>>> print(open('data.txt').read())   # compact mmCIF, C-alpha atoms
# COMPACT_ATOMS: atom_id res chain seq x y z
CA MET A 26 -3.61 -21.45 -14.87
CA MET A 27 -6.62 -20.28 -12.96
CA THR A 28 -7.38 -22.75 -10.22
CA GLY A 29 -11.07 -22.04 -9.74
CA LYS A 30 -10.45 -20.53 -6.32
CA LYS A 31 -13.33 -18.48 -5.02
CA VAL A 32 -13.02 -14.86 -6.09
CA ILE A 33 -14.55 -12.44 -3.61
CA CYS A 34 -13.77 -8.74 -3.82
CA LEU A 35 -12.39 -6.60 -1.01
CA LEU A 36 -15.43 -4.42 -1.43
CA ALA A 37 -16.85 -3.79 2.01
CA SER A 38 -15.48 -1.47 4.68
CA VAL A 39 -12.47 -0.43 2.58
CA LEU A 40 -14.38 0.89 -0.41
CA VAL A 41 -17.62 2.60 0.14
CA ALA A 42 -18.35 6.10 1.32
CA ALA A 43 -21.67 6.28 3.15
CA TRP A 44 -22.33 2.52 3.05
CA SER A 45 -23.42 0.96 6.31
CA THR A 46 -23.87 -2.77 5.69
CA PRO A 47 -21.44 -4.95 7.67
CA ALA A 48 -20.86 -7.50 4.90
CA GLN A 49 -17.23 -7.86 3.86
CA LYS A 50 -15.76 -9.63 0.87
CA VAL A 51 -12.22 -10.34 -0.23
CA LEU A 52 -11.17 -10.59 -3.87
CA LYS A 53 -8.62 -13.33 -4.46
CA VAL A 54 -7.47 -13.69 -8.08
CA SER A 55 -5.05 -16.26 -9.44
CA LEU A 56 -2.32 -14.60 -11.47
CA ALA A 57 -0.65 -17.67 -12.98
CA PRO A 58 0.71 -17.56 -16.55
CA ALA A 59 -1.93 -17.60 -19.26
CA VAL A 60 -2.82 -20.98 -20.74
CA HIS A 61 -4.50 -19.43 -23.76
CA PRO A 62 -2.24 -16.56 -24.89
CA GLN A 63 -4.06 -13.64 -26.46
CA THR A 64 -3.16 -13.60 -30.15
CA SER A 65 -5.63 -10.96 -31.32
CA ARG A 66 -5.24 -7.35 -30.29
CA THR A 67 -8.99 -7.15 -29.63
CA LEU A 68 -10.95 -9.51 -27.39
CA SER A 69 -14.75 -9.66 -27.17
CA VAL A 70 -16.03 -11.83 -24.32
CA PRO A 71 -19.74 -12.85 -24.28
CA PRO A 72 -21.42 -13.22 -20.88
CA ASP A 73 -21.56 -17.01 -21.05
CA SER A 74 -17.87 -17.38 -22.00
CA PRO A 75 -15.79 -19.82 -19.90
CA ARG A 76 -13.15 -17.08 -19.79
CA TRP A 77 -15.16 -15.39 -17.04
CA GLU A 78 -14.41 -16.65 -13.55
CA LEU A 79 -17.55 -15.86 -11.56
CA ASP A 80 -17.83 -15.58 -7.83
CA GLY A 81 -20.47 -14.49 -5.34
CA GLN A 82 -23.76 -13.35 -6.81
CA ALA A 83 -22.70 -13.56 -10.45
CA LYS A 84 -24.21 -15.38 -13.43
CA PRO A 85 -25.02 -14.99 -17.13
CA THR A 86 -28.62 -13.94 -17.73
CA GLU A 87 -30.81 -11.66 -19.88
CA TYR A 88 -31.88 -8.13 -19.05
CA LEU A 89 -33.59 -5.43 -21.10
CA GLY A 90 -33.43 -7.60 -24.19
CA ARG A 91 -29.74 -8.49 -23.96
CA LYS A 92 -27.62 -11.40 -22.90
CA CYS A 93 -25.47 -10.11 -20.07
CA LEU A 94 -23.66 -10.80 -16.80
CA TYR A 95 -25.60 -10.22 -13.59
CA LEU A 96 -23.61 -9.15 -10.53
CA ASP A 97 -24.80 -8.19 -7.05
CA GLY A 98 -22.15 -8.69 -4.42
CA GLY A 99 -20.07 -10.59 -6.92
CA ALA A 100 -17.22 -10.42 -9.39
CA ALA A 101 -16.38 -11.56 -12.91
CA ILE A 102 -12.66 -11.94 -13.54
CA LEU A 103 -11.29 -12.26 -17.05
CA LYS A 104 -9.04 -15.31 -17.08
CA ASP A 105 -5.83 -15.69 -19.03
CA LEU A 106 -5.31 -12.00 -19.75
CA GLU A 107 -2.76 -9.66 -18.24
CA MET A 108 -3.39 -5.99 -18.96
CA ARG A 109 -0.71 -3.36 -19.27
CA ASP A 110 -2.10 -0.66 -21.58
CA GLY A 111 -5.42 -0.94 -23.35
CA VAL A 112 -9.05 0.06 -23.74
CA ILE A 113 -11.97 -1.60 -21.95
CA ASP A 114 -15.45 -1.10 -23.40
CA VAL A 115 -18.59 -2.39 -21.71
CA ASP A 116 -22.31 -1.62 -21.55
CA VAL A 117 -23.97 -1.51 -18.14
CA ALA A 118 -27.51 -1.22 -16.77
CA THR A 119 -28.80 -1.15 -13.20
CA PRO A 120 -32.27 -1.05 -11.64
CA ALA A 121 -30.80 -0.47 -8.16
CA ALA A 122 -31.44 2.77 -6.32
CA ARG A 123 -28.28 2.28 -4.29
CA GLY A 124 -25.07 0.46 -5.00
CA PHE A 125 -21.47 0.41 -6.14
CA PHE A 126 -20.30 -1.07 -9.44
CA GLY A 127 -17.25 -0.74 -11.64
CA ILE A 128 -14.02 -2.15 -13.01
CA ASP A 129 -10.83 -3.36 -11.37
CA PHE A 130 -7.73 -3.35 -13.58
CA ARG A 131 -4.05 -4.23 -13.34
CA LEU A 132 -4.84 -6.50 -10.40
CA ALA A 133 -1.69 -8.11 -9.02
CA ASP A 134 -0.52 -10.07 -5.98
CA ASN A 135 -3.80 -11.99 -5.72
CA ALA A 136 -5.66 -8.70 -6.14
CA ALA A 137 -3.98 -7.16 -3.10
CA ASN A 138 -2.77 -4.34 -5.36
CA GLY A 139 -4.13 -2.66 -8.46
CA GLU A 140 -6.60 0.00 -9.57
CA ARG A 141 -10.35 0.40 -9.09
CA ILE A 142 -12.92 2.72 -10.62
CA TYR A 143 -16.61 2.68 -9.76
CA LEU A 144 -19.98 4.42 -9.81
CA ARG A 145 -22.44 4.96 -6.95
CA GLN A 146 -26.10 4.91 -8.04
CA HIS A 147 -27.27 6.72 -4.91
CA LYS A 148 -24.79 9.55 -5.56
CA SER A 149 -26.01 10.21 -9.12
CA GLY A 150 -25.36 13.86 -9.96
CA TYR A 151 -23.24 14.46 -6.86
CA PRO A 152 -19.50 15.30 -6.88
CA ASP A 153 -18.60 11.76 -5.78
CA ALA A 154 -20.93 9.84 -8.09
CA MET A 155 -17.79 8.23 -9.52
CA GLN A 156 -14.44 7.51 -7.92
CA TYR A 157 -11.02 6.12 -8.70
CA THR A 158 -8.92 4.58 -5.93
CA PRO A 159 -5.78 2.45 -5.86
CA LEU A 160 -5.85 -0.91 -4.10
CA LEU A 161 -2.87 -1.26 -1.77
CA ASN A 162 -2.24 -4.29 0.43
CA THR A 163 -5.91 -5.33 0.10
CA GLY A 164 -7.24 -1.87 1.00
CA ALA A 165 -9.01 0.80 -1.05
CA ASN A 166 -8.01 4.38 -0.30
CA TRP A 167 -10.98 6.58 -1.18
CA GLN A 168 -10.63 8.67 2.01
CA ILE A 169 -7.09 9.70 1.04
CA TYR A 170 -7.31 10.02 -2.74
CA ASN A 171 -10.23 12.36 -3.28
CA GLY A 172 -11.16 15.39 -5.37
CA PRO A 173 -9.91 16.24 -8.88
CA GLY A 174 -8.47 13.19 -10.61
CA PHE A 175 -10.25 10.86 -8.18
CA THR A 176 -13.92 11.88 -7.91
CA ALA A 177 -16.40 13.55 -10.26
CA ALA A 178 -20.10 14.08 -10.82
CA ILE A 179 -22.12 12.06 -13.35
CA ASP A 180 -25.79 11.31 -13.87
CA ILE A 181 -26.27 7.55 -13.68
CA PRO A 182 -29.20 6.20 -15.73
CA LYS A 183 -31.60 3.75 -14.13
CA ASP A 184 -33.05 0.74 -15.98
CA ALA A 185 -31.31 1.67 -19.23
CA TRP A 186 -28.19 0.47 -21.00
CA PHE A 187 -25.31 2.94 -21.19
CA HIS A 188 -21.70 2.65 -22.28
CA MET A 189 -18.47 2.92 -20.27
CA ARG A 190 -14.96 3.06 -21.66
CA LEU A 191 -11.68 2.95 -19.75
CA GLU A 192 -8.49 3.99 -21.56
CA VAL A 193 -5.26 3.12 -19.75
CA VAL A 194 -1.98 4.56 -21.03
CA GLY A 195 1.14 4.14 -18.91
CA ALA A 196 0.55 5.69 -15.48
CA GLN A 197 -2.53 7.60 -16.64
CA ALA A 198 -6.13 6.71 -17.50
CA LYS A 199 -9.37 8.24 -18.74
CA TRP A 200 -12.88 7.05 -17.97
CA TYR A 201 -15.79 7.78 -20.30
CA VAL A 202 -19.39 7.32 -19.16
CA LYS A 203 -22.18 7.70 -21.77
CA ASP A 204 -20.26 10.40 -23.68
CA MET A 205 -17.39 8.83 -25.61
CA ASP A 206 -16.04 12.20 -26.77
CA LYS A 207 -15.33 13.73 -23.37
CA PRO A 208 -13.86 11.79 -20.41
CA ALA A 209 -15.92 11.91 -17.24
CA LEU A 210 -12.79 11.42 -15.12
CA VAL A 211 -9.13 11.93 -16.00
CA MET A 212 -6.67 10.08 -13.77
CA ASN A 213 -3.37 11.91 -14.17
CA ASP A 214 -1.44 9.56 -11.91
CA LEU A 215 -2.43 5.97 -11.21
CA LYS A 216 -1.35 5.52 -7.63
CA SER A 217 -0.86 1.79 -7.08
CA GLY A 218 2.33 1.64 -9.14
CA VAL A 219 1.24 -1.73 -10.60
CA GLN A 220 2.12 -1.81 -14.30
CA LYS A 221 0.24 -4.93 -15.38
CA GLY A 222 -2.37 -7.31 -14.05
CA GLN A 223 -5.83 -8.81 -14.44
CA VAL A 224 -9.19 -7.22 -15.20
CA ALA A 225 -12.43 -7.74 -13.26
CA LEU A 226 -16.00 -6.48 -13.31
CA TYR A 227 -17.46 -6.20 -9.85
CA VAL A 228 -20.50 -5.09 -7.91
CA LEU A 229 -20.35 -4.52 -4.19
CA THR A 230 -24.10 -4.21 -3.82
CA GLY A 231 -27.05 -3.28 -6.04
CA ALA A 232 -28.06 -5.48 -8.98
CA THR A 233 -26.05 -4.49 -12.06
CA TYR A 234 -25.78 -6.00 -15.54
CA TYR A 235 -22.84 -5.93 -17.97
CA SER A 236 -22.90 -6.71 -21.70
CA ASN A 237 -20.78 -6.25 -24.83
CA PHE A 238 -17.47 -6.48 -22.99
CA GLU A 239 -14.43 -5.82 -25.15
CA PHE A 240 -10.75 -5.38 -24.41
CA ARG A 241 -8.38 -3.86 -26.95
CA GLU A 242 -4.68 -4.02 -26.23
CA THR A 243 -2.64 -0.92 -27.11
CA PRO A 244 1.16 -0.49 -27.31
CA ALA A 245 2.82 0.08 -23.96
CA ALA A 246 3.40 3.79 -23.37
CA PRO A 247 6.31 5.20 -21.34
CA TRP A 248 5.67 4.97 -17.61
CA GLU A 249 5.67 8.62 -16.50
CA ARG A 250 4.28 9.61 -13.10
CA HIS A 251 2.55 12.99 -12.85
CA TYR A 252 2.86 13.91 -9.20
CA PRO A 253 1.17 16.97 -7.70
CA PRO A 254 3.51 19.57 -6.16
CA MET A 255 4.87 19.05 -2.65
CA PRO A 256 4.21 22.14 -0.49
CA PRO A 257 7.43 23.46 1.09
CA ASP A 258 6.05 23.23 4.64
CA THR A 259 5.33 19.48 4.41
CA LEU A 260 6.92 17.03 6.85
CA ILE A 261 8.34 14.41 4.50
CA LYS A 262 10.68 12.02 6.34
CA TRP A 263 9.05 9.57 8.75
CA SER A 264 9.76 6.26 10.45
CA LEU A 265 6.99 3.69 10.91
CA SER A 266 6.46 1.00 13.52
CA PRO A 267 4.91 -2.38 12.77
CA SER A 268 1.12 -2.50 13.05
CA TYR A 269 -0.49 -3.38 16.36
CA ASP A 270 -3.90 -4.16 17.79
CA ALA A 271 -5.11 -0.67 18.66
CA LEU A 272 -7.36 -1.90 21.45
CA ALA A 273 -4.41 -3.50 23.23
CA ARG A 274 -2.67 -0.14 23.70
CA ASN A 275 -3.29 3.08 25.60
CA LEU A 276 -3.39 5.58 22.77
CA GLU A 277 -3.09 8.55 25.11
CA ARG A 278 0.22 7.36 26.56
CA PRO A 279 3.52 8.03 24.75
CA LEU A 280 5.92 5.19 24.12
CA THR A 281 8.61 4.72 26.70
CA ALA A 282 12.27 4.89 25.72
CA SER A 283 12.57 1.11 25.99
CA GLU A 284 9.48 0.59 23.85
CA ARG A 285 10.85 2.91 21.16
CA ASP A 286 14.23 1.18 21.21
CA ALA A 287 12.61 -2.25 20.82
CA ILE A 288 10.73 -1.26 17.66
CA LYS A 289 12.22 -2.01 14.26
CA TRP A 290 11.42 1.30 12.56
CA GLN A 291 10.92 1.57 8.78
CA ASP A 292 12.03 4.81 7.14
CA VAL A 293 9.58 6.18 4.54
CA GLU A 294 8.93 9.43 2.72
CA ALA A 295 5.63 11.17 2.18
CA GLU A 296 4.34 11.18 -1.39
CA PRO A 297 3.15 14.40 -3.03
CA PRO A 298 1.27 16.41 -1.86
CA GLY A 299 2.43 15.05 1.50
CA PHE A 300 0.51 11.86 2.27
CA VAL A 301 2.03 8.93 4.10
CA VAL A 302 -0.25 6.17 2.80
CA LEU A 303 0.07 3.39 5.34
CA TYR A 304 -1.58 0.73 3.16
CA ARG A 305 1.59 0.87 1.07
CA TYR A 306 3.51 -0.51 4.02
CA ARG A 307 1.00 -2.37 6.18
CA GLU A 308 -1.86 -4.72 5.32
CA ALA A 309 -5.33 -3.20 5.58
CA PRO A 310 -7.60 -4.32 8.40
CA HIS A 311 -11.12 -5.41 7.49
CA LEU A 312 -13.52 -5.15 10.37
CA ARG A 313 -17.18 -4.60 11.05
CA VAL A 314 -17.45 -0.99 12.20
CA THR A 315 -20.57 -0.96 14.34
CA PHE A 316 -21.32 2.76 14.23
CA GLN A 317 -21.61 2.71 10.44
CA SER A 318 -24.98 1.05 10.96
CA ASP A 319 -25.71 2.12 14.56
CA PHE A 320 -24.57 5.65 15.35
CA SER A 321 -25.23 5.12 19.06
CA THR A 322 -22.20 2.79 19.22
CA ARG A 323 -19.72 5.42 17.97
CA LEU A 324 -17.83 5.53 21.30
CA GLN A 325 -17.62 1.78 21.72
CA PRO A 326 -14.37 -0.14 21.04
CA GLN A 327 -14.08 -1.51 17.51
CA PRO A 328 -12.35 -4.93 17.58
CA GLY A 329 -9.89 -5.32 14.71
CA MET A 330 -8.79 -1.66 14.63
CA LYS A 331 -5.07 -1.44 13.80
CA LEU A 332 -2.42 1.04 14.93
CA VAL A 333 0.91 2.30 13.57
CA TYR A 334 3.28 4.74 15.26
CA ALA A 335 4.97 7.29 12.99
CA ARG A 336 7.79 9.52 14.16
CA THR A 337 9.91 12.33 12.78
CA THR A 338 12.40 14.89 14.11
CA ILE A 339 11.86 18.65 14.03
CA VAL A 340 14.97 20.80 14.55
CA SER A 341 14.23 24.27 15.88
CA ASP A 342 16.74 27.15 16.08
CA ARG A 343 15.05 28.48 19.22
CA ASP A 344 12.23 27.90 21.69
CA GLN A 345 9.05 28.66 19.77
CA VAL A 346 5.49 27.57 19.00
CA LYS A 347 4.63 26.36 15.51
CA LYS A 348 1.32 25.35 13.95
CA LEU A 349 0.98 21.76 12.78
CA TYR A 350 -1.77 21.06 10.26
CA VAL A 351 -2.64 17.37 10.46
CA GLY A 352 -5.00 15.33 8.32
CA TYR A 353 -5.48 11.68 9.16
CA SER A 354 -7.54 8.53 8.81
CA ASP A 355 -9.02 7.31 11.05
CA ASP A 356 -7.72 8.10 14.59
CA VAL A 357 -4.66 10.02 15.68
CA SER A 358 -2.78 10.86 18.85
CA VAL A 359 -0.13 13.59 18.53
CA PHE A 360 2.87 13.44 20.90
CA LEU A 361 5.73 15.95 21.11
CA ASN A 362 8.77 15.11 23.22
CA ASP A 363 6.85 12.39 25.08
CA LYS A 364 3.81 14.53 25.88
CA ILE A 365 0.39 14.13 24.30
CA LEU A 366 -0.99 17.28 22.68
CA TYR A 367 -4.00 16.06 20.73
CA ARG A 368 -6.31 13.09 20.20
CA GLY A 369 -8.95 12.90 17.46
CA ARG A 370 -11.12 10.57 15.38
CA SER A 371 -12.10 11.34 11.80
CA ALA A 372 -13.58 8.00 10.76
CA GLN A 373 -16.41 7.53 8.29
CA ASN A 374 -19.82 8.00 9.98
CA PHE A 375 -18.20 8.98 13.31
CA ARG A 376 -18.76 12.74 13.53
CA ASP A 377 -22.23 12.38 12.08
CA PRO A 378 -23.98 9.53 10.21
CA GLY A 379 -23.14 11.08 6.82
CA PHE A 380 -19.53 11.99 7.60
CA LEU A 381 -17.07 10.50 5.08
CA GLY A 382 -13.74 10.99 6.82
CA ILE A 383 -11.98 12.47 3.78
CA VAL A 384 -8.35 13.36 4.61
CA ASN A 385 -7.20 16.96 4.20
CA PRO A 386 -4.18 18.67 5.78
CA GLU A 387 -6.42 21.43 7.10
CA ASN A 388 -8.71 19.03 8.98
CA ASP A 389 -7.17 19.87 12.35
CA ALA A 390 -4.42 22.07 13.76
CA VAL A 391 -2.15 21.45 16.75
CA TYR A 392 0.23 24.01 18.24
CA LEU A 393 3.67 22.57 18.94
CA PRO A 394 5.78 24.08 21.76
CA LEU A 395 9.18 23.38 20.23
CA LYS A 396 12.37 23.60 22.24
CA LYS A 397 15.68 24.72 20.79
CA GLY A 398 17.38 21.76 19.11
CA SER A 399 15.84 18.37 18.23
CA ASN A 400 12.18 17.60 18.93
CA GLU A 401 10.52 14.24 18.39
CA LEU A 402 7.04 14.36 16.88
CA MET A 403 5.18 11.07 17.08
CA LEU A 404 1.75 10.12 15.77
CA ALA A 405 -0.28 7.08 16.76
CA VAL A 406 -2.49 6.51 13.71
CA SER A 407 -5.31 3.96 13.88
CA GLU A 408 -7.40 2.53 11.06
CA LEU A 409 -10.97 1.30 10.71
CA GLY A 410 -11.34 1.34 6.92
CA GLY A 411 -11.41 3.44 3.74
CA GLY A 412 -7.74 4.40 3.65
CA TRP A 413 -5.03 4.56 6.32
CA GLY A 414 -2.67 7.48 6.40
CA PHE A 415 -1.82 11.01 7.42
CA ILE A 416 -0.42 14.32 6.16
CA CYS A 417 1.40 16.96 8.23
CA ARG A 418 2.43 20.53 7.42
CA LEU A 419 4.37 22.72 9.85
CA LEU A 420 3.92 26.48 9.65
CA ASP A 421 5.13 29.56 11.50
CA LEU A 422 2.44 31.29 13.49
CA GLU A 423 0.93 34.32 11.81
CA ASN A 424 2.05 37.61 13.33
>>> encode(input="data.txt", output="structure tokens")
Amino acid sequence: MMTGKKVICLLASVLVAAWSTPAQKVLKVSLAPAVHPQTSRTLSVPPDSPRWELDGQAKPTEYLGRKCLYLDGGAAILKDLEMRDGVIDVDVATPAARGFFGIDFRLADNAANGERIYLRQHKSGYPDAMQYTPLLNTGANWQIYNGPGFTAAIDIPKDAWFHMRLEVVGAQAKWYVKDMDKPALVMNDLKSGVQKGQVALYVLTGATYYSNFEFRETPAAPWERHYPPMPPDTLIKWSLSPSYDALARNLERPLTASERDAIKWQDVEAEPPGFVVLYRYREAPHLRVTFQSDFSTRLQPQPGMKLVYARTTIVSDRDQVKKLYVGYSDDVSVFLNDKILYRGRSAQNFRDPGFLGIVNPENDAVYLPLKKGSNELMLAVSELGGGWGFICRLLDLEN
């Protein structure tokens, strides 16, 4: 049963594009077997129900003539319910000019893994007013999973109640906001891989109110992943090192042969369309990134930054130069045959105060002087927050 442990969402540096407050919170949810099994296929939960486990700035109250839940840097977790497929309906209202509020679902492993969908009041009408991201090893991945199927525009009302509906069917979901006839966001492939777990309402920041919460269970649909295509020039097979303290290493120096031999490498494959999502394999760091609130500190060391080495082999039939497209989050060093070729940082707020650090394979290009035979390509990829990973595509030079 739920133990009453404090429930604080992982909603700070890992979630929010263009948010600069240093506060950080960690969502810990008990996932013990239900004490009160759900016998009805539909569950309505009033704001003052003991089935809500409240944490942080969270309480039942009244707003705009309704009894509701107030959240502002808090969470409300529905106890004794494990969601596989179903429909979540809830009304929401917010007076905040800026904030982040939404729904977590299929939370598992003490909320280390699951799915998250949210709105940003300050992005109302913009292409990223809403976003879906998987939670992997305590980290949100909005810098990696972006664009169609992950972000969309919506006008967010202020000081008025409006309805949200989330329909989850197998490995897909649809989110409706205001208009219940047309989904505002269609998620063709839920990325966490978690098939069942808990449900939570949360607000990172910005006073938000929830009322008329209802969950309707639906029959479990077949679990069918809908992957995007994998481009033929993608580097797929990689080996990963353990994670290290990035500040304890010289990121412009290649590993020595003895250092490489001492590492216990983990073989992985990139997922379509070519991402190696490191949160799947390594726990997310959660640190206070100083330049998100003070741009003048952008070149200063950031204590808590983590590092993983990733290596692969490129076999060339002759001596030649090839073009490597590399997208990454947040820092990368590119080594070929024990020589550094490139070092870059693409972290949120680093290149300019509004920079988001979204990962694309065309972010940067490096030209690889390949020798005939086997060549070792190694990346040193460091993480500050928002999604840890990389994508590489190797192309022939244009004639």
>>> closest_residue(input="data.txt", among="A:Asp342, A:Trp167, A:Leu215, A:Phe375", to="Gly398 (chain A)", atoms="only C-alpha atoms")
A:Asp342
>>> residues_around(input="data.txt", residues="Asp214 (chain A)", least_positions_apart="3", cutoff="6 Å", atoms="only C-alpha atoms", output="PyMOL selection string")
chain A and resi 196-197+250-251
>>> closest_atom_pairs(input="data.txt", of="region 168-255 of chain A", to="region 90-102 of chain A", cutoff="10 Å", atoms="all atoms listed in the file", output="Markdown table")
| residue | atom | partner | partner_atom | distance |
| --- | --- | --- | --- | --- |
| A:Trp186 | CA | A:Arg91 | CA | 9.6 |
| A:Gln223 | CA | A:Ile102 | CA | 7.6 |
| A:Val224 | CA | A:Ile102 | CA | 6.1 |
| A:Ala225 | CA | A:Ile102 | CA | 4.2 |
| A:Leu226 | CA | A:Ala101 | CA | 5.1 |
| A:Tyr227 | CA | A:Ala100 | CA | 4.3 |
| A:Val228 | CA | A:Gly98 | CA | 5.3 |
| A:Leu229 | CA | A:Gly98 | CA | 4.5 |
| A:Thr230 | CA | A:Gly98 | CA | 4.9 |
| A:Gly231 | CA | A:Asp97 | CA | 5.5 |
| A:Ala232 | CA | A:Asp97 | CA | 4.7 |
| A:Thr233 | CA | A:Leu96 | CA | 5.5 |
| A:Tyr234 | CA | A:Tyr95 | CA | 4.7 |
| A:Tyr235 | CA | A:Leu94 | CA | 5.1 |
| A:Ser236 | CA | A:Cys93 | CA | 4.6 |
| A:Asn237 | CA | A:Cys93 | CA | 7.7 |
| A:Phe238 | CA | A:Cys93 | CA | 9.3 |
>>> axis_aligned_box(input="data.txt", around="region 129-133 of chain A", padding_each_side="3 Å", output="lines of an AutoDock Vina configuration file")
center_x = -6.3
center_y = -5.7
center_z = -11.3
size_x = 15.1
size_y = 10.8
size_z = 10.6
>>> atom_distance(input="data.txt", atom1="CA of Gly139 (chain A)", atom2="CA of Arg370 (chain A)")
28.1 Å
>>> atom_distance(input="data.txt", atom1="CA of Gly410 (chain A)", atom2="CA of Asp355 (chain A)")
7.6 Å
>>> atom_distance(input="data.txt", atom1="CA of Val391 (chain A)", atom2="CA of Lys289 (chain A)")
27.6 Å
>>> closest_residue(input="data.txt", among="A:Ile128, A:Pro75, A:Gln82, A:Arg313", to="Lys104 (chain A)", atoms="all atoms listed in the file")
A:Pro75
>>> residues_around(input="data.txt", residues="Tyr151 (chain A)", least_positions_apart="4", cutoff="12 Å", atoms="all atoms listed in the file", output="number ranges by chain")
A: 144-147, 155-156, 176-181
>>> closest_residue(input="data.txt", among="A:Asn362, A:Ser371, A:Ser69, A:Gln345", to="Pro279 (chain A)", atoms="only C-alpha atoms")
A:Asn362
>>> closest_residue(input="data.txt", among="A:Gly329, A:Gly127, A:Gly218, A:Gly369", to="Pro159 (chain A)", atoms="all atoms listed in the file")
A:Gly218
>>> closest_residue(input="data.txt", among="A:Leu276, A:Ile261, A:Leu409, A:Val314", to="Arg336 (chain A)", atoms="all atoms listed in the file")
A:Ile261
>>> residues_around(input="data.txt", residues="Arg190 (chain A)", least_positions_apart="5", cutoff="7 Å", atoms="all atoms listed in the file", output="compact mmCIF listing (two decimals) with C-alpha atoms, keeping the file's coordinate frame")
# COMPACT_ATOMS: atom_id res chain seq x y z
CA VAL A 112 -9.05 0.06 -23.74
CA ILE A 113 -11.97 -1.60 -21.95
CA ASP A 114 -15.45 -1.10 -23.40
CA VAL A 115 -18.59 -2.39 -21.71
CA TRP A 200 -12.88 7.05 -17.97
CA TYR A 201 -15.79 7.78 -20.30
CA VAL A 202 -19.39 7.32 -19.16
>>> residues_around(input="data.txt", residues="Ala335 (chain A)", least_positions_apart="6", cutoff="9 Å", atoms="all atoms listed in the file", output="MDAnalysis selection string")
chainID A and resid 263:266 290 402:406
